[in-house]
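Undergrad: Input structure: input.txt, which contains compact mmCIF, C-alpha atoms.
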# COMPACT_ATOMS: atom_id res chain seq x y z
CA MET A 184 113.29 68.71 99.48
CA LYS A 185 113.36 67.59 95.87
CA LEU A 186 114.88 70.04 93.40
CA ASP A 187 111.85 69.82 91.09
CA LEU A 188 109.51 70.77 93.95
CA LEU A 189 111.76 73.72 94.85
CA GLN A 190 111.82 74.86 91.22
CA HIS A 191 108.04 74.53 90.94
CA LEU A 192 107.67 76.63 94.10
CA ASN A 193 109.99 79.29 92.67
CA ILE A 194 108.01 79.43 89.40
CA VAL A 195 104.70 79.92 91.25
CA ARG A 196 106.22 82.64 93.44
CA ALA A 197 107.67 84.45 90.43
CA SER A 198 104.24 84.44 88.76
CA GLY A 199 102.88 86.60 91.60
CA ASP A 200 100.37 83.98 92.77
CA ARG A 201 100.21 83.04 96.42
CA CYS A 202 101.15 79.52 97.43
CA CYS A 203 102.25 77.57 100.47
CA LEU A 204 104.46 74.67 101.32
CA VAL A 205 103.04 72.14 103.77
CA ARG A 206 105.85 70.19 105.35
CA TYR A 207 105.53 67.04 107.43
CA VAL A 208 108.65 67.56 109.49
CA ASP A 209 108.79 64.08 111.04
CA ARG A 210 108.70 62.19 107.78
CA ASP A 211 110.50 64.77 105.65
CA GLU A 212 107.70 65.18 103.14
CA ALA A 213 106.44 68.37 101.52
CA ILE A 214 103.48 69.29 99.35
CA LEU A 215 103.09 72.50 97.38
CA VAL A 216 99.63 74.06 97.62
CA THR A 217 98.73 76.57 94.93
CA ASP A 218 95.20 77.90 94.44
CA ASP A 219 93.34 74.75 95.45
CA LEU A 220 93.16 74.29 99.22
CA ALA A 221 91.50 70.91 98.66
CA LYS A 222 95.00 69.43 98.57
CA VAL A 223 95.43 70.42 102.20
CA PRO A 224 94.24 67.85 104.78
CA ALA A 225 91.02 69.18 106.31
CA ALA A 226 92.49 69.19 109.83
CA ILE A 227 95.09 71.82 109.00
CA ARG A 228 93.13 73.81 106.42
CA PRO A 229 92.10 76.51 108.95
CA SER A 230 95.77 76.95 109.89
CA VAL A 231 96.67 77.43 106.24
CA GLU A 232 93.93 80.01 105.75
CA LYS A 233 95.03 81.89 108.88
CA ALA A 234 98.68 81.78 107.81
CA TYR A 235 97.79 83.33 104.44
CA ARG A 236 95.67 86.00 106.07
CA GLU A 237 98.30 86.98 108.62
CA ASP A 238 101.23 86.45 106.25
CA ARG A 239 102.84 84.34 108.93
CA SER A 240 104.31 80.87 108.47
CA VAL A 241 103.37 78.58 111.33
CA SER A 242 104.06 75.19 112.95
CA VAL A 243 100.99 73.13 113.82
CA GLN A 244 100.41 69.72 115.34
CA SER A 245 98.21 67.37 113.33
CA GLU A 246 97.23 63.74 113.66
CA GLU A 247 100.02 63.01 111.23
CA GLY A 248 102.65 64.72 113.39
CA ALA A 249 104.32 68.10 113.27
CA VAL A 250 103.50 70.19 110.22
CA PHE A 251 105.14 73.44 109.14
CA VAL A 252 102.98 75.65 106.92
CA GLN A 253 105.17 78.14 105.04
CA VAL A 254 103.20 80.82 103.21
CA PHE A 255 104.38 82.77 100.19
CA ASN A 256 102.16 85.77 99.58
CA PRO A 257 102.56 87.92 96.45
CA PRO A 258 105.62 90.17 96.60
CA LEU A 259 105.60 93.41 98.52
CA ARG A 260 105.65 96.41 96.21
CA LEU A 261 106.46 100.06 96.71
CA ILE A 262 105.28 102.63 94.16
CA ILE A 263 107.17 105.91 94.49
CA VAL A 264 105.60 108.85 92.67
CA GLY A 265 108.29 111.42 91.95
CA ALA A 266 111.81 110.53 90.82
CA VAL A 267 113.23 113.06 93.26
CA HIS A 268 116.29 113.11 95.53
CA ILE A 269 114.55 111.30 98.42
CA ALA A 270 113.38 108.61 96.00
CA GLN A 271 117.01 107.89 95.07
CA PHE A 272 117.57 106.73 98.65
CA LEU A 273 114.15 105.27 99.38
CA ALA A 274 114.14 103.00 96.31
CA PRO A 275 117.31 100.98 97.08
CA MET A 276 116.52 100.89 100.82
CA ALA A 277 113.09 99.44 100.08
CA GLN A 278 114.64 96.88 97.74
CA LEU A 279 116.87 95.74 100.61
CA CYS A 280 113.72 95.25 102.69
CA GLY A 281 112.32 92.96 99.99
CA TYR A 282 110.05 95.35 98.05
CA HIS A 283 109.69 95.38 94.29
CA VAL A 284 110.08 99.11 93.67
CA THR A 285 108.62 101.15 90.79
CA VAL A 286 109.34 104.86 90.41
CA VAL A 287 106.68 106.83 88.51
CA ASP A 288 107.46 110.26 87.05
CA PRO A 289 106.40 111.62 83.66
CA ARG A 290 109.25 114.12 83.76
CA GLY A 291 111.89 112.33 81.70
CA ALA A 292 114.74 114.38 83.14
CA PHE A 293 114.05 112.95 86.59
CA ALA A 294 113.21 109.31 85.87
CA THR A 295 116.49 108.20 84.32
CA PRO A 296 118.36 104.90 84.73
CA GLU A 297 121.46 106.90 85.71
CA ARG A 298 119.63 108.29 88.72
CA PHE A 299 117.83 104.99 89.45
CA PRO A 300 120.03 102.03 88.54
CA GLU A 301 118.26 98.64 88.79
CA ILE A 302 114.88 100.29 89.55
CA ALA A 303 111.76 99.92 87.39
CA LEU A 304 110.77 103.32 85.94
CA GLU A 305 107.37 104.44 84.57
CA VAL A 306 107.21 107.72 82.66
CA GLU A 307 103.43 107.77 82.23
CA TRP A 308 101.16 110.09 84.23
CA PRO A 309 100.64 108.69 87.74
CA ASP A 310 96.93 107.88 87.35
CA GLU A 311 97.58 105.82 84.21
CA ALA A 312 100.72 104.20 85.63
CA LEU A 313 99.03 103.26 88.92
CA ALA A 314 95.96 101.86 87.17
CA GLU A 315 98.24 99.56 85.16
CA LEU A 316 100.22 98.49 88.23
CA LYS A 317 97.04 97.04 89.81
CA LEU A 318 97.63 98.04 93.42
CA ASN A 319 96.72 95.43 96.03
CA ARG A 320 96.98 94.93 99.80
CA ARG A 321 100.68 94.09 99.43
CA THR A 322 101.38 97.50 97.83
CA ALA A 323 102.64 100.74 99.40
CA VAL A 324 102.30 104.09 97.58
CA VAL A 325 104.20 107.25 98.47
CA ALA A 326 103.91 110.57 96.63
CA LEU A 327 107.04 112.70 96.80
CA THR A 328 106.71 115.34 94.07
CA HIS A 329 105.14 118.21 96.12
CA ASP A 330 103.26 118.94 92.88
CA PRO A 331 99.46 118.45 93.11
CA LYS A 332 99.31 117.78 89.36
CA LEU A 333 101.36 114.61 89.95
CA ASP A 334 100.65 113.68 93.59
CA ASP A 335 96.87 114.09 93.56
CA PRO A 336 96.03 111.66 90.74
CA ALA A 337 98.36 109.08 92.32
CA LEU A 338 96.71 109.44 95.73
CA ASP A 339 93.26 109.32 94.14
CA GLN A 340 94.12 105.97 92.53
CA ALA A 341 95.75 104.65 95.71
CA LEU A 342 92.68 105.51 97.82
CA ARG A 343 90.52 103.48 95.44
CA SER A 344 92.74 100.42 96.04
CA ASP A 345 93.58 98.11 98.96
CA ALA A 346 97.13 99.53 99.26
CA PHE A 347 98.33 98.94 102.84
CA TYR A 348 100.27 102.22 102.97
CA ILE A 349 99.52 105.56 101.34
CA ALA A 350 101.55 108.67 102.08
CA ALA A 351 102.48 112.06 100.69
CA LEU A 352 105.29 114.46 101.45
CA GLY A 353 104.51 118.01 102.48
CA SER A 354 103.65 120.17 105.47
CA ARG A 355 100.49 119.71 107.54
CA LYS A 356 99.10 122.86 105.92
CA ASN A 357 99.72 121.49 102.44
CA HIS A 358 98.27 118.16 103.51
CA ALA A 359 95.06 119.82 104.68
CA ALA A 360 94.77 121.57 101.30
CA ARG A 361 95.44 118.28 99.55
CA CYS A 362 92.68 116.56 101.51
CA GLU A 363 90.28 119.33 100.48
CA ARG A 364 91.08 118.72 96.80
CA LEU A 365 90.69 114.95 97.19
CA ARG A 366 87.41 115.43 99.06
CA ALA A 367 86.19 117.25 95.95
CA GLU A 368 87.09 114.08 94.01
CA GLY A 369 84.63 112.16 96.16
CA HIS A 370 86.76 110.78 99.02
CA ASP A 371 85.23 110.99 102.48
CA ASP A 372 87.02 111.78 105.74
CA VAL A 373 87.50 108.15 106.77
CA THR A 374 89.11 107.37 103.42
CA LEU A 375 91.34 110.45 103.55
CA LYS A 376 92.66 109.35 106.96
CA ARG A 377 94.39 106.50 105.13
CA ILE A 378 96.92 109.03 103.80
CA HIS A 379 99.95 109.52 106.01
CA GLY A 380 100.80 113.19 105.63
CA PRO A 381 103.45 114.32 106.16
CA ALA A 382 104.97 110.99 105.10
CA GLY A 383 107.19 109.14 107.53
CA LEU A 384 107.55 108.58 111.26
CA ASP A 385 108.42 111.69 113.26
CA ILE A 386 112.08 110.95 114.03
CA GLY A 387 113.44 114.41 113.26
CA ALA A 388 114.72 113.36 109.83
CA VAL A 389 116.43 116.21 107.95
CA SER A 390 118.49 114.94 105.01
CA PRO A 391 116.99 113.02 102.07
CA PRO A 392 118.39 109.64 103.24
CA GLU A 393 117.07 110.26 106.76
CA ILE A 394 113.64 111.10 105.37
CA ALA A 395 113.80 107.85 103.39
CA VAL A 396 114.51 106.00 106.67
CA ALA A 397 111.50 107.71 108.31
CA ILE A 398 109.21 106.72 105.42
CA LEU A 399 110.46 103.13 105.23
CA SER A 400 110.05 102.82 109.02
CA GLN A 401 106.43 103.90 108.72
CA ILE A 402 105.83 101.49 105.83
CA THR A 403 107.28 98.69 107.97
CA GLN A 404 105.06 99.67 110.90
CA CYS A 405 101.94 99.63 108.72
CA LEU A 406 102.90 96.23 107.32
CA ARG A 407 103.80 94.56 110.60
CA GLN A 408 101.52 96.41 113.04
CA PRO A 409 98.45 97.13 110.91
CA HIS A 410 96.37 97.92 114.02
CA LEU A 411 98.45 101.12 114.35
CA ARG A 412 97.72 102.13 110.77
CA PHE A 413 95.59 105.16 111.57
CA THR A 414 97.79 106.54 114.34
CA PRO A 415 99.04 109.95 113.20
CA MET B 269 118.69 89.36 100.19
CA ASP B 270 115.08 88.77 101.23
CA ASP B 271 114.08 85.27 102.22
CA ASP B 272 112.00 84.41 99.19
CA ARG B 273 114.90 85.12 96.86
CA LEU B 274 117.07 82.76 98.89
CA LEU B 275 115.04 79.83 97.55
CA ASP B 276 115.94 80.92 94.01
CA THR B 277 119.59 80.84 95.06
CA ALA B 278 119.17 77.34 96.52
CA ALA B 279 117.66 76.04 93.27
CA THR B 280 120.36 77.71 91.16
CA TRP B 281 123.20 76.32 93.27
CA LYS B 282 121.74 72.81 93.11
CA ALA B 283 121.09 72.99 89.36
CA ASN B 284 124.74 74.06 88.93
CA GLY B 285 125.91 70.84 90.55
CA ARG B 286 126.60 71.99 94.10
CA LYS B 287 125.36 70.06 97.13
CA VAL B 288 122.85 72.28 98.91
CA ALA B 289 121.04 72.29 102.25
CA ILE B 290 118.19 74.55 103.33
CA ALA B 291 117.75 75.49 106.99
CA THR B 292 114.33 76.92 107.85
CA VAL B 293 113.12 78.53 111.07
CA ILE B 294 109.88 76.67 111.80
CA GLU B 295 109.05 77.85 115.31
CA THR B 296 110.21 80.54 117.73
CA TRP B 297 109.52 81.54 121.32
CA GLY B 298 110.50 84.74 123.08
CA SER B 299 112.75 87.25 121.45
CA SER B 300 114.10 85.29 118.49
CA PRO B 301 115.29 87.65 115.79
CA ARG B 302 114.07 85.71 112.74
CA ARG B 303 110.48 84.85 111.87
CA PRO B 304 109.28 81.36 110.96
CA GLY B 305 110.02 80.85 107.27
CA SER B 306 113.46 82.49 107.46
CA HIS B 307 116.15 80.57 105.59
CA LEU B 308 119.85 79.90 105.65
CA ILE B 309 121.14 78.28 102.44
CA ILE B 310 124.39 76.34 102.66
CA ASP B 311 126.53 74.62 100.00
CA ASP B 312 129.18 71.90 100.26
CA ALA B 313 132.00 74.46 100.27
CA GLY B 314 130.48 76.09 103.34
CA ASN B 315 129.13 79.12 101.45
CA MET B 316 126.02 80.49 103.10
CA VAL B 317 123.38 83.15 102.41
CA GLY B 318 120.49 84.29 104.59
CA SER B 319 120.15 83.71 108.32
CA VAL B 320 118.16 81.80 110.93
CA SER B 321 119.22 83.95 113.91
CA GLY B 322 121.12 87.12 114.57
CA GLY B 323 124.29 85.18 113.80
CA CYS B 324 124.41 83.19 117.04
CA ILE B 325 123.57 79.68 115.83
CA GLU B 326 124.54 79.78 112.16
CA GLY B 327 127.84 77.98 112.83
CA ALA B 328 126.09 75.03 114.49
CA VAL B 329 123.48 74.89 111.74
CA VAL B 330 126.15 74.83 109.02
CA ARG B 331 127.93 71.92 110.72
CA GLU B 332 124.72 69.87 110.69
CA ALA B 333 123.92 70.97 107.14
CA LEU B 334 127.24 69.68 105.82
CA ASP B 335 126.43 66.17 107.16
CA ILE B 336 122.89 66.28 105.82
CA MET B 337 123.88 67.28 102.29
CA GLU B 338 126.33 64.33 102.33
CA GLY B 339 123.44 61.95 102.98
CA ALA B 340 122.52 62.16 106.67
CA PRO B 341 118.75 62.39 107.26
CA SER B 342 116.98 65.74 107.62
CA LYS B 343 117.07 67.02 111.17
CA LEU B 344 115.09 69.25 113.49
CA LEU B 345 117.41 71.38 115.65
CA GLU B 346 116.36 73.34 118.69
CA PHE B 347 118.31 76.14 120.31
CA GLY B 348 117.51 78.13 123.42
CA VAL B 349 119.15 79.60 126.46
CA SER B 350 117.63 76.94 128.69
CA ASP B 351 119.81 74.09 127.49
CA GLU B 352 123.53 73.41 127.65
CA GLN B 353 124.01 73.40 123.90
CA ALA B 354 122.63 76.89 123.62
CA TRP B 355 125.21 78.30 125.98
CA GLU B 356 127.90 76.90 123.73
CA VAL B 357 126.45 78.27 120.51
CA GLY B 358 125.14 81.34 122.27
CA LEU B 359 121.57 82.44 121.56
CA ALA B 360 122.24 85.59 123.51
CA CYS B 361 118.87 87.19 122.81
CA GLY B 362 117.15 84.83 125.26
CA GLY B 363 114.73 83.31 122.78
CA ARG B 364 114.25 79.77 121.58
CA VAL B 365 114.18 78.66 118.00
CA ARG B 366 113.51 75.40 116.13
CA VAL B 367 115.28 74.98 112.80
CA PHE B 368 114.60 72.28 110.19
CA VAL B 369 117.62 71.35 108.10
CA GLU B 370 117.21 69.39 104.87
CA ALA B 371 119.15 68.66 101.71
CA VAL B 372 117.97 69.60 98.23
CA THR B 373 117.96 66.27 96.39
Output the file's structure as structure tokens, nothing else.
TA:
Amino acid sequence: MKLDLLQHLNIVRASGDRCCLVRYVDRDEAILVTDDLAKVPAAIRPSVEKAYREDRSVSVQSEEGAVFVQVFNPPLRLIIVGAVHIAQFLAPMAQLCGYHVTVVDPRGAFATPERFPEIALEVEWPDEALAELKLNRRTAVVALTHDPKLDDPALDQALRSDAFYIAALGSRKNHAARCERLRAEGHDDVTLKRIHGPAGLDIGAVSPPEIAVAILSQITQCLRQPHLRFTP
Amino acid sequence: MDDDRLLDTAATWKANGRKVAIATVIETWGSSPRRPGSHLIIDDAGNMVGSVSGGCIEGAVVREALDIMEGAPSKLLEFGVSDEQAWEVGLACGGRVRVFVEAVT
């Protein structure tokens, strides 16, 4: 691959736009496809569209030989509401899994760079912060504050987006009360089922890092096995 | 490091004057540990980042990569438990994987 093609690819990826690399393996040739699928030979265009949709790079046979379609979807993001103890473990773990992590907490004593080195921090109220972050189907949102004043507006925003994972910490009893409040904001039962509450897979997690593992496991499951998304 | 960031590393290494090869998983069968699109980036000193397997075939890929960054043509490698070569390099998971190795030029 030519260095200038590689650099062009890296610039497009950094911009947050989707793109794909179509590689003719047999003759060692690659083309970069940005927004315009017209550059893609018609015979493999359906494969490119499917690869984007499923976020899965794929080898296909075409009349011109073997082709590898490598897709680059916008980056995965995790928005953590609540700069709390669990967040201090969840944020770096999620970064290791490839997520761009933002921690939102208007309480300045919690959201400090000392507590969250190398993590993007937002000290606005969650509804304003989440509106600016433009949640999409590559975004996960988890509310960890236990405080309805902070969690509820974040969940309200998340439910109005395509976020692939939405969760909130708290007991089943608290979650039921939370759903009642959000129902009053206009969310119906089907929509409210999108919230995983309590957050995380049931693996008996006790300590903050273990709870972070449980949450990140559930995020991974929703990303990779979306058909299981509504399983409690 | 996640796979997308590996391509930034490849470009940086090359721009800094190193010889660089990119190995990419392009097809898998069975229980291969790395998805298509996974990368291993190699330089001429044998430094490597990323992975194309659980560690079983990286050594063999690096050997090919060193030739390719010195001017040998790009190459499609295939590893699996069903062939002799695989027993030597040991894809213990039982899967098969096809890896494309190319130089950054």
Undergrad: Residues of chain B within 6 Å of chain A, using all atoms listed in the file, as a PDB file with C-alpha atoms, keeping the file's coordinate frame?
TA:
ATOM      1  CA  ASP B 270     115.080  88.770 101.230  1.00  0.00           C
ATOM      2  CA  PRO B 304     109.280  81.360 110.960  1.00  0.00           C
ATOM      3  CA  GLY B 305     110.020  80.850 107.270  1.00  0.00           C
ATOM      4  CA  VAL B 372     117.970  69.600  98.230  1.00  0.00           C
ATOM      5  CA  THR B 373     117.960  66.270  96.390  1.00  0.00           C
TER       6      THR B 373
END
Undergrad: Given the point (114.6, 101.6, 106.7) in the file's coordinates, find the residues that have an atom at most 12 Å from it, counting only C-alpha atoms, and give them as a PyMOL selection string.
TA: chain A and resi 272-282+383-384+392-404
Undergrad: Counting only C-alpha atoms, figure out which residue out of B:Glu326, B:Glu370, B:Glu346, B:Asp311 gets nearest to Asn284 of chain B.
TA: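 Closest candidate: B:Asp311.
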Undergrad: Could you check the closest approach to Ala359 of chain A for each of A:Glu247, A:Asp372, A:Asp385, A:Asp339 and tell me which residue wins, using only C-alpha atoms?
TA: A:Asp372
Undergrad: Would you compute the distance between atom CA of Glu297 of chain A and atom CA of Leu318 of chain A? Give it in Å to one decimal.
TA: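 Computing the Euclidean distance for atom CA of Glu297 of chain A and atom CA of Leu318 of chain A yields 26.6 Å.
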Undergrad: So which residues touch Arg364 of chain B within 6 Å, counting all atoms listed in the file, skipping near sequence neighbours fewer than 6 positions away, as an mmCIF file with C-alpha atoms, in the coordinates of the input?
TA:
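What landed in out.cif:
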data_model
loop_
_atom_site.group_PDB
_atom_site.id
_atom_site.type_symbol
_atom_site.label_atom_id
_atom_site.label_comp_id
_atom_site.auth_asym_id
_atom_site.auth_seq_id
_atom_site.Cartn_x
_atom_site.Cartn_y
_atom_site.Cartn_z
ATOM 1 C CA THR B 296 110.210 80.540 117.730
ATOM 2 C CA TRP B 297 109.520 81.540 121.320
ATOM 3 C CA PHE B 347 118.310 76.140 120.310
ATOM 4 C CA GLY B 348 117.510 78.130 123.420
#
Undergrad: Find the spatial neighbours of Asp200 of chain A, counting all atoms listed in the file, within a cut-off of 8 Å - ignore same-chain residues fewer than 5 positions away - and output them as a list in words.
TA: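 Here the answer would be Val195, Thr217, Asn256 and Pro257 of chain A.
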Undergrad: Counting only C-alpha atoms, which residue out of B:Ile294, B:Ile336, B:Val365, B:Ala278 sits closest to Asn315 of chain B?
TA: B:Ala278
Undergrad: Ranking A:Ala312, A:Ala360, A:Leu338, A:Leu352 by minimum distance to Arg377 of chain A and counting only C-alpha atoms, which one comes first?
TA: A:Leu338
Undergrad: Could you complete segment 216-227 of chain A so that it carries all heavy atoms, and give it back as a short mmCIF file (atom, residue, chain, number, x, y, z; two decimals), in the coordinates of the input?
TA:
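rebuild_20.cif written:
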data_model
loop_
_atom_site.label_atom_id
_atom_site.label_comp_id
_atom_site.auth_asym_id
_atom_site.auth_seq_id
_atom_site.Cartn_x
_atom_site.Cartn_y
_atom_site.Cartn_z
N VAL A 216 101.05 73.74 97.77
CA VAL A 216 99.63 74.06 97.62
C VAL A 216 99.52 75.37 96.86
O VAL A 216 100.03 76.40 97.31
CB VAL A 216 98.94 74.19 98.99
CG1 VAL A 216 97.47 74.55 98.81
CG2 VAL A 216 99.10 72.92 99.78
N THR A 217 98.91 75.33 95.69
CA THR A 217 98.73 76.57 94.93
C THR A 217 97.32 77.09 95.20
O THR A 217 96.97 77.33 96.34
CB THR A 217 99.02 76.35 93.44
OG1 THR A 217 98.30 75.22 92.99
CG2 THR A 217 100.51 76.10 93.23
N ASP A 218 96.49 77.26 94.19
CA ASP A 218 95.20 77.90 94.44
C ASP A 218 94.20 76.98 95.14
O ASP A 218 93.31 77.45 95.82
CB ASP A 218 94.62 78.44 93.12
CG ASP A 218 94.63 77.39 92.03
OD1 ASP A 218 95.31 76.36 92.22
OD2 ASP A 218 93.97 77.59 91.01
N ASP A 219 94.37 75.68 94.99
CA ASP A 219 93.34 74.75 95.45
C ASP A 219 93.64 74.22 96.85
O ASP A 219 94.50 73.37 97.03
CB ASP A 219 93.23 73.59 94.46
CG ASP A 219 92.07 72.69 94.79
OD1 ASP A 219 91.28 73.05 95.69
OD2 ASP A 219 91.96 71.63 94.16
N LEU A 220 92.92 74.73 97.85
CA LEU A 220 93.16 74.29 99.22
C LEU A 220 92.65 72.88 99.48
O LEU A 220 92.88 72.32 100.55
CB LEU A 220 92.52 75.27 100.22
CG LEU A 220 93.19 76.62 100.39
CD1 LEU A 220 92.57 77.39 101.55
CD2 LEU A 220 94.68 76.49 100.62
N ALA A 221 91.98 72.27 98.49
CA ALA A 221 91.50 70.91 98.66
C ALA A 221 92.64 69.92 98.87
O ALA A 221 92.46 68.85 99.44
CB ALA A 221 90.65 70.50 97.45
N LYS A 222 93.84 70.31 98.39
CA LYS A 222 95.00 69.43 98.57
C LYS A 222 95.46 69.37 100.02
O LYS A 222 96.21 68.49 100.41
CB LYS A 222 96.18 69.93 97.71
CG LYS A 222 96.23 69.30 96.33
CD LYS A 222 97.28 69.99 95.46
CE LYS A 222 98.69 69.46 95.70
NZ LYS A 222 99.65 70.12 94.78
N VAL A 223 95.02 70.35 100.80
CA VAL A 223 95.43 70.42 102.20
C VAL A 223 94.52 69.52 103.04
O VAL A 223 93.30 69.59 102.92
CB VAL A 223 95.32 71.86 102.72
CG1 VAL A 223 95.74 71.95 104.16
CG2 VAL A 223 96.15 72.79 101.85
N PRO A 224 95.09 68.65 103.89
CA PRO A 224 94.24 67.85 104.78
C PRO A 224 93.30 68.76 105.58
O PRO A 224 93.72 69.81 106.06
CB PRO A 224 95.24 67.16 105.70
CG PRO A 224 96.53 67.16 104.93
CD PRO A 224 96.51 68.38 104.06
N ALA A 225 92.05 68.33 105.71
CA ALA A 225 91.02 69.18 106.31
C ALA A 225 91.43 69.68 107.70
O ALA A 225 91.11 70.81 108.08
CB ALA A 225 89.70 68.41 106.40
N ALA A 226 92.15 68.82 108.45
CA ALA A 226 92.49 69.19 109.83
C ALA A 226 93.36 70.43 109.90
O ALA A 226 93.29 71.18 110.89
CB ALA A 226 93.19 68.01 110.51
N ILE A 227 94.20 70.65 108.90
CA ILE A 227 95.09 71.82 109.00
C ILE A 227 94.68 72.95 108.06
O ILE A 227 95.34 73.99 108.01
CB ILE A 227 96.57 71.44 108.76
CG1 ILE A 227 96.77 70.85 107.36
CG2 ILE A 227 97.08 70.47 109.81
CD1 ILE A 227 98.24 70.81 106.99
#
